[in-house]
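A.B. asks: I'd like to ask you about the structure that follows.
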Amino acid sequence: MSAVDELFVRTRDENRAALVGYLPAGFPTKAQSIAGIEAMVDGGVDLVEVGLPYSDPVMDGPVIQAAAEQALAAGFRVSDVFDVVAASAATGAPTVIMTYWNPVERYGVERFAADLAAAGGSGLITPDLTPDEAGPWIDASEKYGLDRTFLVAPSSTDERLAMTAEASSGFIYATAVMGVTGAREQTSSLAPELVSRLRQVTDKPVGVGLGVSNGAQAREVAEFADAVIVGSALVRCLLDAPDESAGLDAIRTLARDLRAGVERK
Amino acid sequence: MTYAQPDATGHFGRFGGRFMPEALVAPLDELAAAWTEAKADPAFSAELDRMLREYANIPSPLYEAHRFSKIAGARILLKREDLNHTGAHKIRNVIGQALLAKRIGKPRAIAETGAGQHGVAAATACAYLDLECTVYMGEVDTQRQALNVARMKMLGAEVISVTSGSRTLKDAINEALRDWVASVDTTSYLFGTAAGPHPFPSMVRDLTRGIGDEARAQCLELTGALPDAAVACVGGGSNAIGLFTAFIDDADVKLLGVEAGGDGVETGRHAATITGGEVGVLHGARSFLLQDEDGQTIESHSISAGLDYPGVGPEHSYLADIGRASYVPATDAAAMSAFDLLCKSEGIIPAIESAHALAGALELAKELGPDSTILVNLSGRGDKDVHTAAEYFGLLDGPVVLDEGVEE
């Protein structure tokens, strides 16, 4: 059983949803991205998604794009991500990387998997890699005991939901809206239906992401999902902060608010 | 063996495929199915042919460039795509995609554009077919190509200046994809080249292959034989695949793609993706691309905005891989020299993109000799490039204001 599986056993026992928090590696610096992750785990994040900055992030809205651009401009290298993963995993929170596919393919799929496992990482979330094209990653993840989180969307057909759920492990990432990452004022009306369609074909845990930015929204989503995924709102804490400690405080405060939400209290 | 690519899931050998957010996979499947149906529907084909004929001035003529041939030292035939409505081959692709959009009932269309040629063609087709049109264009390009921005607006399109990333074509594609993932229920993406996720590479090829089909027949009629070589410039690769497709099974016809060599491939400042790039995934397909050690996309450089793209259509990567087509770079300097030569010897101002094909043909002529016939796709006209070329040749005394009406 993977660290991610154990987390979901625990959160189901505790009758709550898990809180998944995203921050990009190397933003604004490698050290500060680690500090940000430690702050969000301290605030109550259960599972960490480390973003891998990429030059062409087509699934991301302006906030995460800006963070990725800053990280790359500051000299982020793909090999840096494993240091960030190791530091994140050291907090005790299961840690996965969210990455577009080309950097992994370029690094070498098997080598990436080996280095991720060695760093204590649990798996990958792949926003532009569906199971259709994932043969090499499926093989490498099996070999190194890593979880594969593929995405599903409101537009996914029932056949694709079943196929994607079957190929996934750890948890499945349900995108709540048709759109890119970024905070939204209202939670999606499409998400409950998508999750319920997914429940027809799998009993694997389902995380819901895209647009959740506060505790109230997290509480709504926690009513029907196994995990609530928050990205842009956390990244924004660092983007908007006047200095590092203010940013870390803002992350901790937001994570506490979100955690209260997922506890359905 | 007859060439038949791609496979059912859009793979050309190890290239192509579909690396896309899941949200777009079902819509892309629907698009692929709709295109397969439309292609097989005689009413659709007849309507598309009629529009191309009546509206876009297609088929374009094949023209024997006598004076240019003399200088080149080979018989040079030009496929005059520069005479099409909007001034390039791109109208073939975009009318086809817009007509498909009408057929599947999506009232809004989006497009990306680099220099603005595909954007202008998309805006034109949307005006013609009554579709709402939004064009994404990198901020850098909106400044370099202000006249084309105005032209798209005149045609009723909304032009969105993209300020993310490098603010050029690749970022315009990213932003169009971000729009599309949120709007796909009502919106068609009129993709500008034979790249991107399946079914775009093969659909765009199907829509541009008239270039080669017509030229093959025209060449047979004119010369009684097939050409020794077919030459086209390659950015994303839509005009080249449109030319090559008719000749792929003609093993004796050499296929030559000419990439943008910029300052020279050895300088790193170029857009010669197959010559100087490596295999990776960008914008939904596996193909050659310009990338760094980490798989981050590298910005391309070319005097030709239409070739200034760090990726290339997957079928070209495949044709290069199997050795059926070869790909060579032509530098900015070589292209501009060929540009000058065509202007002065034939009275035809070519698009700078197409001038790369002419530069490749001039080199090839030396190799094939005076008895050879070389078919060159003159993919577009150079009116849009007058300012760039005039600056390059030092013909401008002061700032030039181009009047409306000068262009077309």
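Just so we're on the same page: first chain in the structure tokens is A, next is B, and so on; residues restart at 1 for each chain, and ligands are numbered from 1 in the order they show up.
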According to DSSP computed on the backbone, where in stretch 25-207 of chain A is there helix (DSSP H, G or I)? Give the residues as a ChimeraX atom specification.

C.D. replies: /A:30-42,62-73,80-89,101-107,109-118,131-133,135-144,158-167,190-201

A.B. asks: Residues of chain A near chain B: apply a cut-off of 9 Å, count only C-alpha atoms, and supply the list as a ChimeraX atom specification.

C.D. replies: /A:54-62,65-66,69,77-79,101-107,126-130,132-133,150-157,160,175,177-180

A.B. asks: Near stretch 64-67 of chain B, counting only C-alpha atoms, which residues have an atom at most 8 Å away, once you skip same-chain residues fewer than 3 positions from it, shown as a PyMOL selection string?

C.D. replies: chain B and resi 70-71+75-78+345-346

A.B. asks: Using only C-alpha atoms, which protein or nucleic acid residues come within 9 Å of A:Ala114? Drop anything in the same chain fewer than 4 positions from it, and give the result as a list in words.

C.D. replies: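 The filter keeps Val109, Glu110, Ala118, Ala119, Ala140, Ser141, Lys143 and Tyr144 of chain A.
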
A.B. asks: What is the distance between atom CA of B:Ile104 and atom CA of A:Met163, in Å to one decimal?

C.D. replies: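 Spanning atom CA of B:Ile104 to atom CA of A:Met163 is a straight-line distance of 26.8 Å.
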
A.B. asks: Record the distance separating atom CA of B:Val120 and atom CA of B:Ala150, expressed in Å with one decimal.

C.D. replies: 9.6 Å

A.B. asks: For A:Thr253, which residue among A:Asp226, A:Ala93, A:Leu52, A:Gly36 is the nearest when counting only C-alpha atoms?

C.D. replies: A:Gly36

A.B. asks: Take atom CA of B:Gly261 and atom CA of B:Ala232 and report the distance between them in Å, one decimal.

C.D. replies: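 These two atoms are separated by 14.2 Å.
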